[in-house]
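Participant: Got a file for you: target.pdb, PDB, C-alpha atoms.
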```
MODEL        1
ATOM      1  CA  MET A 113      -4.335 -21.134   2.173
ATOM      2  CA  CYS A 114      -0.613 -20.503   1.866
ATOM      3  CA  GLU A 115       2.080 -19.866   4.428
ATOM      4  CA  GLU A 116       4.769 -17.208   4.021
ATOM      5  CA  SER A 117       7.244 -15.655   6.488
ATOM      6  CA  GLY A 118       5.509 -16.893   9.624
ATOM      7  CA  ARG A 119       2.014 -15.873   8.540
ATOM      8  CA  ILE A 120      -0.857 -17.698   6.896
ATOM      9  CA  MET A 121      -2.715 -15.931   4.137
ATOM     10  CA  SER A 122      -6.236 -16.568   2.906
ATOM     11  CA  MET A 123      -7.177 -15.549  -0.618
ATOM     12  CA  THR A 124     -10.551 -14.069   0.453
ATOM     13  CA  VAL A 125     -10.407 -10.303   0.969
ATOM     14  CA  GLN A 126     -13.467  -8.134   1.484
ATOM     15  CA  ASP A 127     -14.261  -5.105  -0.678
ATOM     16  CA  TYR A 128     -13.746  -2.223   1.762
ATOM     17  CA  THR A 129     -15.214   0.298  -0.676
ATOM     18  CA  ASN A 130     -18.664  -1.278  -0.183
ATOM     19  CA  PHE A 131     -19.468  -0.800   3.497
ATOM     20  CA  GLU A 132     -22.934  -2.353   3.286
ATOM     21  CA  ALA A 133     -21.468  -5.628   2.023
ATOM     22  CA  LEU A 134     -18.804  -5.857   4.724
ATOM     23  CA  GLU A 135     -19.020  -8.390   7.539
ATOM     24  CA  PHE A 136     -18.403  -5.599  10.022
ATOM     25  CA  ALA A 137     -19.005  -5.868  13.752
ATOM     26  CA  SER A 138     -17.229  -4.099  16.582
ATOM     27  CA  ASN A 139     -16.318  -6.073  19.690
ATOM     28  CA  TYR A 140     -16.915  -2.900  21.682
ATOM     29  CA  GLY A 141     -20.653  -3.321  21.130
ATOM     30  CA  SER A 142     -20.688  -6.873  22.498
ATOM     31  CA  LYS A 143     -22.811  -7.724  25.533
ATOM     32  CA  ASN A 144     -20.888 -10.971  26.105
ATOM     33  CA  PRO A 145     -19.330 -10.646  29.608
ATOM     34  CA  VAL A 146     -16.210 -12.601  28.621
ATOM     35  CA  ILE A 147     -15.560 -10.394  25.591
ATOM     36  CA  ARG A 148     -16.188  -7.272  27.662
ATOM     37  CA  PHE A 149     -13.719  -8.486  30.319
ATOM     38  CA  LEU A 150     -11.045  -9.240  27.696
ATOM     39  CA  LEU A 151     -11.556  -5.844  26.034
ATOM     40  CA  LYS A 152     -11.285  -4.066  29.377
ATOM     41  CA  ARG A 153      -7.988  -5.859  30.045
ATOM     42  CA  PHE A 154      -6.746  -5.068  26.528
ATOM     43  CA  ASP A 155      -7.587  -1.387  27.055
ATOM     44  CA  ALA A 156      -5.643  -1.377  30.329
ATOM     45  CA  HIS A 157      -2.598  -2.940  28.661
ATOM     46  CA  LEU A 158      -2.807  -0.478  25.773
ATOM     47  CA  ILE A 159      -2.987   2.474  28.164
ATOM     48  CA  SER A 160       0.082   1.123  29.966
ATOM     49  CA  VAL A 161       2.042   1.034  26.690
ATOM     50  CA  LEU A 162       0.861   4.534  25.745
ATOM     51  CA  GLU A 163       1.874   5.878  29.150
ATOM     52  CA  SER A 164       5.367   4.410  28.711
ATOM     53  CA  VAL A 165       5.966   6.616  25.642
ATOM     54  CA  ARG A 166       3.738   9.556  26.639
ATOM     55  CA  PRO A 167       6.578  11.885  27.769
ATOM     56  CA  HIS A 168       8.233  11.565  24.353
ATOM     57  CA  ILE A 169       5.291  12.212  22.022
ATOM     58  CA  ARG A 170       3.643  15.429  20.858
ATOM     59  CA  THR A 171       1.902  14.111  17.733
ATOM     60  CA  VAL A 172      -0.017  10.840  17.238
ATOM     61  CA  LEU A 173      -1.598   9.291  14.157
ATOM     62  CA  GLU A 174      -3.932   6.317  14.494
ATOM     63  CA  VAL A 175      -4.438   4.330  11.287
ATOM     64  CA  GLY A 176      -7.335   1.937  10.771
ATOM     65  CA  SER A 177      -9.225   3.686  13.568
ATOM     66  CA  GLY A 178     -12.638   2.232  12.736
ATOM     67  CA  GLU A 179     -15.546   3.816  14.588
ATOM     68  CA  GLY A 180     -13.241   5.663  16.959
ATOM     69  CA  TYR A 181     -13.490   3.608  20.149
ATOM     70  CA  SER A 182      -9.731   3.158  20.271
ATOM     71  CA  THR A 183      -9.217   6.815  19.331
ATOM     72  CA  ASP A 184     -11.149   7.810  22.451
ATOM     73  CA  LEU A 185      -8.903   5.578  24.546
ATOM     74  CA  ILE A 186      -5.721   7.024  23.023
ATOM     75  CA  ARG A 187      -6.991  10.562  23.591
ATOM     76  CA  LYS A 188      -7.486   9.845  27.307
ATOM     77  CA  ALA A 189      -4.024   8.268  27.693
ATOM     78  CA  ILE A 190      -1.893  10.971  26.030
ATOM     79  CA  LEU A 191      -1.097  14.448  27.304
ATOM     80  CA  PRO A 192      -3.777  17.104  26.657
ATOM     81  CA  THR A 193      -1.284  19.101  24.590
ATOM     82  CA  THR A 194      -0.522  16.170  22.268
ATOM     83  CA  MET A 195      -2.105  16.439  18.809
ATOM     84  CA  LEU A 196      -4.081  13.345  17.759
ATOM     85  CA  ALA A 197      -5.356  12.527  14.266
ATOM     86  CA  SER A 198      -6.976   9.318  13.054
ATOM     87  CA  SER A 199      -7.798   7.746   9.714
ATOM     88  CA  ASP A 200      -9.493   4.779   8.111
ATOM     89  CA  LEU A 201      -9.978   3.451   4.605
ATOM     90  CA  ILE A 202     -13.779   3.272   4.956
ATOM     91  CA  PRO A 203     -15.606   6.628   4.695
ATOM     92  CA  GLU A 204     -18.578   5.449   6.776
ATOM     93  CA  LEU A 205     -16.301   4.544   9.698
ATOM     94  CA  VAL A 206     -14.561   7.922   9.468
ATOM     95  CA  ARG A 207     -17.983   9.606   9.602
ATOM     96  CA  ARG A 208     -18.887   7.624  12.727
ATOM     97  CA  SER A 209     -15.526   8.430  14.294
ATOM     98  CA  ARG A 210     -16.070  12.147  13.661
ATOM     99  CA  GLU A 211     -19.470  11.966  15.310
ATOM    100  CA  ARG A 212     -18.000  10.188  18.317
ATOM    101  CA  ALA A 213     -15.047  12.574  18.737
ATOM    102  CA  GLY A 214     -16.880  15.768  17.838
ATOM    103  CA  ASP A 215     -13.973  17.039  15.738
ATOM    104  CA  ASN A 216     -12.614  16.804  12.197
ATOM    105  CA  ASN A 217      -9.206  15.252  12.926
ATOM    106  CA  ASN A 218     -10.449  12.031  11.316
ATOM    107  CA  PHE A 219      -9.918  11.451   7.616
ATOM    108  CA  VAL A 220      -9.989   8.816   4.880
ATOM    109  CA  GLN A 221      -6.693   7.370   3.696
ATOM    110  CA  ASN A 222      -5.131   4.081   2.665
ATOM    111  CA  LEU A 223      -2.521   2.633   5.020
ATOM    112  CA  HIS A 224      -0.579   1.325   2.033
ATOM    113  CA  SER A 225      -0.089   4.907   0.811
ATOM    114  CA  LEU A 226      -0.399   7.400   3.669
ATOM    115  CA  ALA A 227      -0.911  11.042   2.730
ATOM    116  CA  VAL A 228       1.488  12.088   5.484
ATOM    117  CA  ARG A 229       5.034  13.466   5.273
ATOM    118  CA  SER A 230       7.896  11.187   6.204
ATOM    119  CA  LYS A 231       9.025  11.401   9.846
ATOM    120  CA  SER A 232       6.215  13.849  10.669
ATOM    121  CA  VAL A 233       4.589  12.211  13.725
ATOM    122  CA  ASP A 234       6.061  10.917  16.959
ATOM    123  CA  LEU A 235       3.799   7.864  17.265
ATOM    124  CA  VAL A 236       1.735   5.796  14.832
ATOM    125  CA  VAL A 237      -0.897   3.458  16.296
ATOM    126  CA  ALA A 238      -2.387   0.540  14.321
ATOM    127  CA  LEU A 239      -4.773  -1.629  16.347
ATOM    128  CA  GLU A 240      -6.287  -4.780  14.829
ATOM    129  CA  VAL A 241      -5.339  -3.700  11.317
ATOM    130  CA  MET A 242      -2.466  -5.848  10.033
ATOM    131  CA  GLU A 243      -4.447  -9.098  10.036
ATOM    132  CA  HIS A 244      -6.792  -7.622   7.396
ATOM    133  CA  LEU A 245      -4.207  -6.408   4.895
ATOM    134  CA  PRO A 246      -3.167  -8.269   1.726
ATOM    135  CA  SER A 247       0.248  -6.537   1.884
ATOM    136  CA  PRO A 248       1.146  -6.079   5.563
ATOM    137  CA  SER A 249       4.847  -5.522   4.826
ATOM    138  CA  ASN A 250       3.969  -2.528   2.664
ATOM    139  CA  ALA A 251       1.794  -1.138   5.445
ATOM    140  CA  LEU A 252       4.592  -1.623   7.968
ATOM    141  CA  GLU A 253       6.963   0.215   5.646
ATOM    142  CA  GLU A 254       4.534   3.152   5.519
ATOM    143  CA  ILE A 255       4.217   3.233   9.303
ATOM    144  CA  ALA A 256       8.008   3.230   9.642
ATOM    145  CA  ARG A 257       8.260   5.985   7.038
ATOM    146  CA  VAL A 258       5.782   8.298   8.755
ATOM    147  CA  THR A 259       6.857   7.897  12.385
ATOM    148  CA  ARG A 260       9.837   9.718  13.818
ATOM    149  CA  ARG A 261      10.343   7.110  16.488
ATOM    150  CA  TRP A 262       7.464   5.057  17.905
ATOM    151  CA  ALA A 263       4.742   2.676  16.711
ATOM    152  CA  ILE A 264       2.193   0.636  18.637
ATOM    153  CA  VAL A 265       0.690  -2.278  16.726
ATOM    154  CA  SER A 266      -1.778  -4.911  17.931
ATOM    155  CA  ILE A 267      -3.113  -8.094  16.329
ATOM    156  CA  PRO A 268      -5.041 -11.245  17.316
ATOM    157  CA  TYR A 269      -2.763 -13.774  19.039
ATOM    158  CA  GLU A 270      -2.720 -16.915  16.901
ATOM    159  CA  PRO A 271      -3.502 -19.764  17.016
ATOM    160  CA  TRP A 272      -5.344 -18.908  20.247
ATOM    161  CA  TRP A 273      -7.694 -16.477  18.499
ATOM    162  CA  ARG A 274      -8.987 -19.177  16.149
ATOM    163  CA  ILE A 275      -9.100 -21.762  18.930
ATOM    164  CA  GLY A 276     -11.192 -19.354  20.996
ATOM    165  CA  ASN A 277     -13.578 -18.837  18.094
ATOM    166  CA  MET A 278     -14.048 -22.577  17.676
ATOM    167  CA  LEU A 279     -14.607 -23.104  21.396
ATOM    168  CA  ARG A 280     -17.493 -20.636  21.263
ATOM    169  CA  GLY A 281     -18.848 -22.292  18.124
ATOM    170  CA  ALA A 282     -17.852 -19.557  15.661
ATOM    171  CA  HIS A 283     -16.435 -19.909  12.121
ATOM    172  CA  TRP A 284     -16.107 -23.683  12.228
ATOM    173  CA  SER A 285     -16.189 -23.928   8.433
ATOM    174  CA  ASP A 286     -12.938 -21.923   8.285
ATOM    175  CA  TRP A 287     -11.242 -23.530  11.286
ATOM    176  CA  GLY A 288     -12.139 -20.639  13.577
ATOM    177  CA  ASN A 289     -10.748 -17.918  11.309
ATOM    178  CA  THR A 290     -12.556 -14.595  11.604
ATOM    179  CA  PRO A 291     -13.808 -13.452   8.173
ATOM    180  CA  ASP A 292     -11.173 -11.354   6.398
ATOM    181  CA  HIS A 293      -8.311 -12.224   8.741
ATOM    182  CA  VAL A 294      -5.803 -12.948   5.988
ATOM    183  CA  ASN A 295      -2.645 -12.848   8.130
ATOM    184  CA  HIS A 296      -1.915 -14.813  11.286
ATOM    185  CA  TRP A 297       1.011 -14.352  13.671
ATOM    186  CA  GLY A 298       2.191 -15.830  16.933
ATOM    187  CA  LYS A 299       4.335 -13.870  19.373
ATOM    188  CA  ALA A 300       7.723 -14.829  17.869
ATOM    189  CA  SER A 301       6.681 -14.464  14.218
ATOM    190  CA  PHE A 302       5.048 -11.082  14.918
ATOM    191  CA  SER A 303       8.229  -9.823  16.549
ATOM    192  CA  ARG A 304      10.263 -10.956  13.532
ATOM    193  CA  PHE A 305       7.813  -9.241  11.184
ATOM    194  CA  LEU A 306       8.060  -5.906  13.023
ATOM    195  CA  ARG A 307      11.857  -6.074  13.225
ATOM    196  CA  GLN A 308      11.942  -5.732   9.449
ATOM    197  CA  ARG A 309      11.463  -1.981  10.025
ATOM    198  CA  PHE A 310      12.057  -1.299  13.734
ATOM    199  CA  ASP A 311      15.230  -1.744  15.781
ATOM    200  CA  LYS A 312      13.522  -2.359  19.120
ATOM    201  CA  VAL A 313      10.328  -4.403  19.478
ATOM    202  CA  GLU A 314       8.607  -5.423  22.704
ATOM    203  CA  VAL A 315       5.595  -7.696  22.275
ATOM    204  CA  ARG A 316       3.174  -8.024  25.196
ATOM    205  CA  VAL A 317       0.383 -10.577  25.540
ATOM    206  CA  SER A 318      -3.101  -9.331  26.318
ATOM    207  CA  PHE A 319      -4.900 -12.575  25.620
ATOM    208  CA  PRO A 320      -6.237 -13.115  22.970
ATOM    209  CA  TRP A 321      -4.299 -10.197  21.461
ATOM    210  CA  LEU A 322      -0.672  -9.158  21.085
ATOM    211  CA  ILE A 323       0.411  -5.540  21.601
ATOM    212  CA  ALA A 324       3.804  -4.451  20.290
ATOM    213  CA  CYS A 325       5.684  -1.285  21.171
ATOM    214  CA  CYS A 326       8.191  -0.544  18.409
ATOM    215  CA  GLU A 327      11.014   1.979  18.360
ATOM    216  CA  GLN A 328      13.457   3.232  15.770
ATOM    217  CA  PRO A 329      16.214   5.861  16.093
ATOM    218  CA  LEU A 330      14.770   9.367  16.436
ATOM    219  CA  ALA A 331      14.597  11.026  13.020
ATOM    220  CA  LYS A 332      13.937  14.534  11.720
ATOM    221  CA  GLU A 333      10.897  15.375   9.624
ATOM    222  CA  THR A 334      11.428  15.463   5.860
ATOM    223  CA  THR A 335       9.556  17.199   3.029
ATOM    224  CA  LYS A 336       8.552  13.889   1.409
TER     225      LYS A 336
ENDMDL
END
```
Represent the supplied structure as C-alpha cells.

Facilitator:
Amino acid sequence: MCEESGRIMSMTVQDYTNFEALEFASNYGSKNPVIRFLLKRFDAHLISVLESVRPHIRTVLEVGSGEGYSTDLIRKAILPTTMLASSDLIPELVRRSRERAGDNNNFVQNLHSLAVRSKSVDLVVALEVMEHLPSPSNALEEIARVTRRWAIVSIPYEPWWRIGNMLRGAHWSDWGNTPDHVNHWGKASFSRFLRQRFDKVEVRVSFPWLIACCEQPLAKETTK
C-alpha cells in the first residue's frame, strides 16, 4: 500500500475486460435490511442534489453506470426533456443497462479517454467509480473537460466504509477494504481532490458514502 495526495492506493487492480473473472456484485441486489436502508437514503440524497441543478441542465452523461440502477434514478430526477446517456467500460454491464432502460443511449467507453466533445454536456455523473481507478486524476480531468458546468461524484466514505466492512465480518484479510477499491478518501481529502478541476465543490455525507456537487464556470461547447 502507498499513500499519495490524501488517498491510499493498492496495487491490485482487476481486469475489467474479463467480466467472468471480476468480483462483481451490486448492492442494489442485496436483501440485507441495513444495506437496503442505506441505499434508500443514498438515493434520496442523490435525488436532492440532482434536483438542485435540474433547472440548469438539458444534457446528462453518466459514466461508470454499471447495470443501470443509478441511470434509472437519474432519469426519474431530471426533467423529461433532458437528454440522458450512460456508459461503462464493461460491455456486459452496458448490455444489462440497455435491457433495463429499453433504449440504446448506453455505450462502452473508457472514463480515462471519453469519446465525447469538450464542453458538450451540462452534467456528468460518476457514482462509485473513482475508488476503482488507477488514475483518478486523469478521470477527473476528463470529466471536467466534457462538462460545461456541473459534475456529481460519489465515493465510499473512508475510513468508515472499511470499518463497516470489518464490523460485519467482511474483508478482514485486507483490513476491511472492498476488493478493487484502490483509492480511499475522507471528506476533506475528497474535496481537495475535486478542487483540482472544479471551482466550487460541496461534499455531502450520506453515510457510508460521500456525494459531491461540483461546479465550474459555464463554458461553450468546442469541436474537440

Participant: From the list A:Val206, A:Leu196, A:Leu279, A:Leu158, which residue is nearest Ser266 (chain A) when using only C-alpha atoms?

Facilitator: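 Under the stated criterion, the closest residue is A:Leu158.
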
Participant: What gap, in Å, lies between CA of Asp200 (chain A) and CA of Trp272 (chain A)?

Facilitator: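 Taking CA of Asp200 (chain A) as the start and CA of Trp272 (chain A) as the end point, the length is 26.9 Å.
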
Participant: Take the point (-4.7, -2.3, 30.4) as written in the file and pick out every residue within 12 Å of it, counting all atoms listed in the file; give the list as a ChimeraX atom specification.

Facilitator: /A:149-163,185-186,189,316-319,321,323

Participant: Please enumerate the residues selected by the PyMOL selection byres ((chain A and resi 258) around 10) when evaluated against the supplied file, formatted as a ChimeraX atom specification.

Facilitator: /A:173,226-236,253-257,259-263,333-334,336

Participant: Quote the spacing between CA of Tyr181 (chain A) and CA of Ser199 (chain A) in Å to one decimal place.

Facilitator: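 Distance between the two atoms: 12.6 Å.
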
Participant: May I ask which of the residues A:Val241, A:Phe305, A:Lys299, A:Pro320 is the closest one to Arg274 (chain A), counting all atoms listed in the file?

Facilitator: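 Smallest separation from Arg274 (chain A) among the options: A:Pro320.
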
Participant: Quick one: residues within 7 Å of His244 (chain A), all atoms listed in the file, excluding same-chain residues fewer than 4 positions away - as an MDAnalysis selection string?

Facilitator: chainID A and resid 292:295

Participant: From the list A:Arg309, A:Arg187, A:His168, A:Arg210, which residue is nearest Ser249 (chain A) when using only C-alpha atoms?

Facilitator: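 When distances to Ser249 (chain A) are compared using only C-alpha atoms, the smallest one comes from A:Arg309.
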
Participant: What are the centre and the three edge lengths of an axis-aligned box that wraps all atoms of region 232-241 of chain A in the file, given that 8 Å is added to every side, written as lines of an AutoDock Vina configuration file and rounded to one decimal in Å?

Facilitator:
```
center_x = 0.0
center_y = 4.5
center_z = 14.0
size_x = 28.5
size_y = 34.6
size_z = 22.6
```

Participant: For CA of Gln221 (chain A) and CA of Ser142 (chain A), quote the distance in Å rounded to one decimal.

Facilitator: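 Atom-to-atom, CA of Gln221 (chain A) and CA of Ser142 (chain A) are spaced 27.4 Å apart.
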
Participant: Give me, as a list in words, all polymer residues having an atom no more than 8 Å from Glu179 (chain A), counting all atoms listed in the file and skipping those fewer than 5 positions away in the same chain.

Facilitator: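 Result of the neighbour search: Leu205, Val206, Arg208, Ser209 and Arg212 of chain A.
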
Participant: Ranking A:Ala300, A:Val315, A:Val175, A:Ala238 by minimum distance to Leu201 (chain A) and counting all atoms listed in the file, which one comes first?

Facilitator: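 Of all the options, A:Val175 lies closest to Leu201 (chain A).
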
Participant: Quick one: of A:Arg207, A:His296, A:Arg170, A:Lys143, who's nearest to Leu245 (chain A), counting all atoms listed in the file?

Facilitator: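 Closest candidate: A:His296.
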
Participant: Given the choices A:Ile190, A:Ile147, A:Ile275, A:Val265, which gets closest to Ser303 (chain A) if the distance is worked out from only C-alpha atoms?

Facilitator: A:Val265

Participant: Taking the file as shown, find all residues satisfying the PyMOL selection byres ((chain A and resi 277) around 12) and write them as a PyMOL selection string.

Facilitator: chain A and resi 147+268-276+278-291+320

Participant: Got a sec: who's within 9 Å of Asp311 (chain A), counting all atoms listed in the file, leaving out chain neighbours fewer than 5 positions off, as number ranges by chain?

Facilitator: A: 306, 326-329

Participant: Just the selected residues (C-alpha atoms), exported as a CSV table (one decimal), in the coordinates of the input, please.

Facilitator:
```
chain,number,residue,atom,x,y,z
A,306,LEU,CA,8.1,-5.9,13.0
A,326,CYS,CA,8.2,-0.5,18.4
A,327,GLU,CA,11.0,2.0,18.4
A,328,GLN,CA,13.5,3.2,15.8
A,329,PRO,CA,16.2,5.9,16.1
```

Participant: Would you mind writing region 208-229 of chain A with N, CA and C atoms, as a PDB file, keeping the file's coordinate frame?

Facilitator:
```pdb
ATOM      1  N   ARG A 208     -18.494   8.019  11.375  1.00  0.00           N
ATOM      2  CA  ARG A 208     -18.887   7.624  12.727  1.00  0.00           C
ATOM      3  C   ARG A 208     -17.856   8.086  13.757  1.00  0.00           C
ATOM      4  N   SER A 209     -16.586   7.988  13.392  1.00  0.00           N
ATOM      5  CA  SER A 209     -15.526   8.430  14.294  1.00  0.00           C
ATOM      6  C   SER A 209     -15.614   9.931  14.547  1.00  0.00           C
ATOM      7  N   ARG A 210     -15.913  10.698  13.492  1.00  0.00           N
ATOM      8  CA  ARG A 210     -16.070  12.147  13.661  1.00  0.00           C
ATOM      9  C   ARG A 210     -17.230  12.472  14.582  1.00  0.00           C
ATOM     10  N   GLU A 211     -18.316  11.749  14.440  1.00  0.00           N
ATOM     11  CA  GLU A 211     -19.470  11.966  15.310  1.00  0.00           C
ATOM     12  C   GLU A 211     -19.128  11.657  16.761  1.00  0.00           C
ATOM     13  N   ARG A 212     -18.365  10.582  16.962  1.00  0.00           N
ATOM     14  CA  ARG A 212     -18.000  10.188  18.317  1.00  0.00           C
ATOM     15  C   ARG A 212     -17.056  11.208  18.967  1.00  0.00           C
ATOM     16  N   ALA A 213     -16.070  11.681  18.181  1.00  0.00           N
ATOM     17  CA  ALA A 213     -15.047  12.574  18.737  1.00  0.00           C
ATOM     18  C   ALA A 213     -15.509  14.019  18.781  1.00  0.00           C
ATOM     19  N   GLY A 214     -16.428  14.387  17.886  1.00  0.00           N
ATOM     20  CA  GLY A 214     -16.880  15.768  17.838  1.00  0.00           C
ATOM     21  C   GLY A 214     -15.859  16.708  17.237  1.00  0.00           C
ATOM     22  N   ASP A 215     -14.942  16.178  16.423  1.00  0.00           N
ATOM     23  CA  ASP A 215     -13.973  17.039  15.738  1.00  0.00           C
ATOM     24  C   ASP A 215     -13.723  16.505  14.333  1.00  0.00           C
ATOM     25  N   ASN A 216     -12.881  17.186  13.581  1.00  0.00           N
ATOM     26  CA  ASN A 216     -12.614  16.804  12.197  1.00  0.00           C
ATOM     27  C   ASN A 216     -11.199  16.277  11.987  1.00  0.00           C
ATOM     28  N   ASN A 217     -10.554  15.810  13.053  1.00  0.00           N
ATOM     29  CA  ASN A 217      -9.206  15.252  12.926  1.00  0.00           C
ATOM     30  C   ASN A 217      -9.257  13.772  12.550  1.00  0.00           C
ATOM     31  N   ASN A 218     -10.274  13.397  11.779  1.00  0.00           N
ATOM     32  CA  ASN A 218     -10.449  12.031  11.316  1.00  0.00           C
ATOM     33  C   ASN A 218     -10.621  12.090   9.804  1.00  0.00           C
ATOM     34  N   PHE A 219      -9.852  11.329   9.064  1.00  0.00           N
ATOM     35  CA  PHE A 219      -9.918  11.451   7.616  1.00  0.00           C
ATOM     36  C   PHE A 219      -9.717  10.103   6.946  1.00  0.00           C
ATOM     37  N   VAL A 220     -10.077  10.047   5.667  1.00  0.00           N
ATOM     38  CA  VAL A 220      -9.989   8.816   4.880  1.00  0.00           C
ATOM     39  C   VAL A 220      -8.623   8.736   4.218  1.00  0.00           C
ATOM     40  N   GLN A 221      -7.934   7.616   4.425  1.00  0.00           N
ATOM     41  CA  GLN A 221      -6.693   7.370   3.696  1.00  0.00           C
ATOM     42  C   GLN A 221      -6.358   5.891   3.750  1.00  0.00           C
ATOM     43  N   ASN A 222      -5.535   5.469   2.808  1.00  0.00           N
ATOM     44  CA  ASN A 222      -5.131   4.081   2.665  1.00  0.00           C
ATOM     45  C   ASN A 222      -3.798   3.873   3.372  1.00  0.00           C
ATOM     46  N   LEU A 223      -3.742   2.904   4.257  1.00  0.00           N
ATOM     47  CA  LEU A 223      -2.521   2.633   5.020  1.00  0.00           C
ATOM     48  C   LEU A 223      -1.361   2.239   4.119  1.00  0.00           C
ATOM     49  N   HIS A 224      -1.648   1.702   2.953  1.00  0.00           N
ATOM     50  CA  HIS A 224      -0.579   1.325   2.033  1.00  0.00           C
ATOM     51  C   HIS A 224       0.043   2.529   1.331  1.00  0.00           C
ATOM     52  N   SER A 225      -0.616   3.695   1.442  1.00  0.00           N
ATOM     53  CA  SER A 225      -0.089   4.907   0.811  1.00  0.00           C
ATOM     54  C   SER A 225      -0.574   6.112   1.616  1.00  0.00           C
ATOM     55  N   LEU A 226       0.047   6.348   2.754  1.00  0.00           N
ATOM     56  CA  LEU A 226      -0.399   7.400   3.669  1.00  0.00           C
ATOM     57  C   LEU A 226      -0.089   8.789   3.113  1.00  0.00           C
ATOM     58  N   ALA A 227      -1.089   9.659   3.197  1.00  0.00           N
ATOM     59  CA  ALA A 227      -0.911  11.042   2.730  1.00  0.00           C
ATOM     60  C   ALA A 227      -0.322  11.890   3.854  1.00  0.00           C
ATOM     61  N   VAL A 228       0.828  11.456   4.344  1.00  0.00           N
ATOM     62  CA  VAL A 228       1.488  12.088   5.484  1.00  0.00           C
ATOM     63  C   VAL A 228       2.979  12.179   5.173  1.00  0.00           C
ATOM     64  N   ARG A 229       3.602  13.300   5.529  1.00  0.00           N
ATOM     65  CA  ARG A 229       5.034  13.466   5.273  1.00  0.00           C
ATOM     66  C   ARG A 229       5.864  12.459   6.071  1.00  0.00           C
TER      67      ARG A 229
END
```
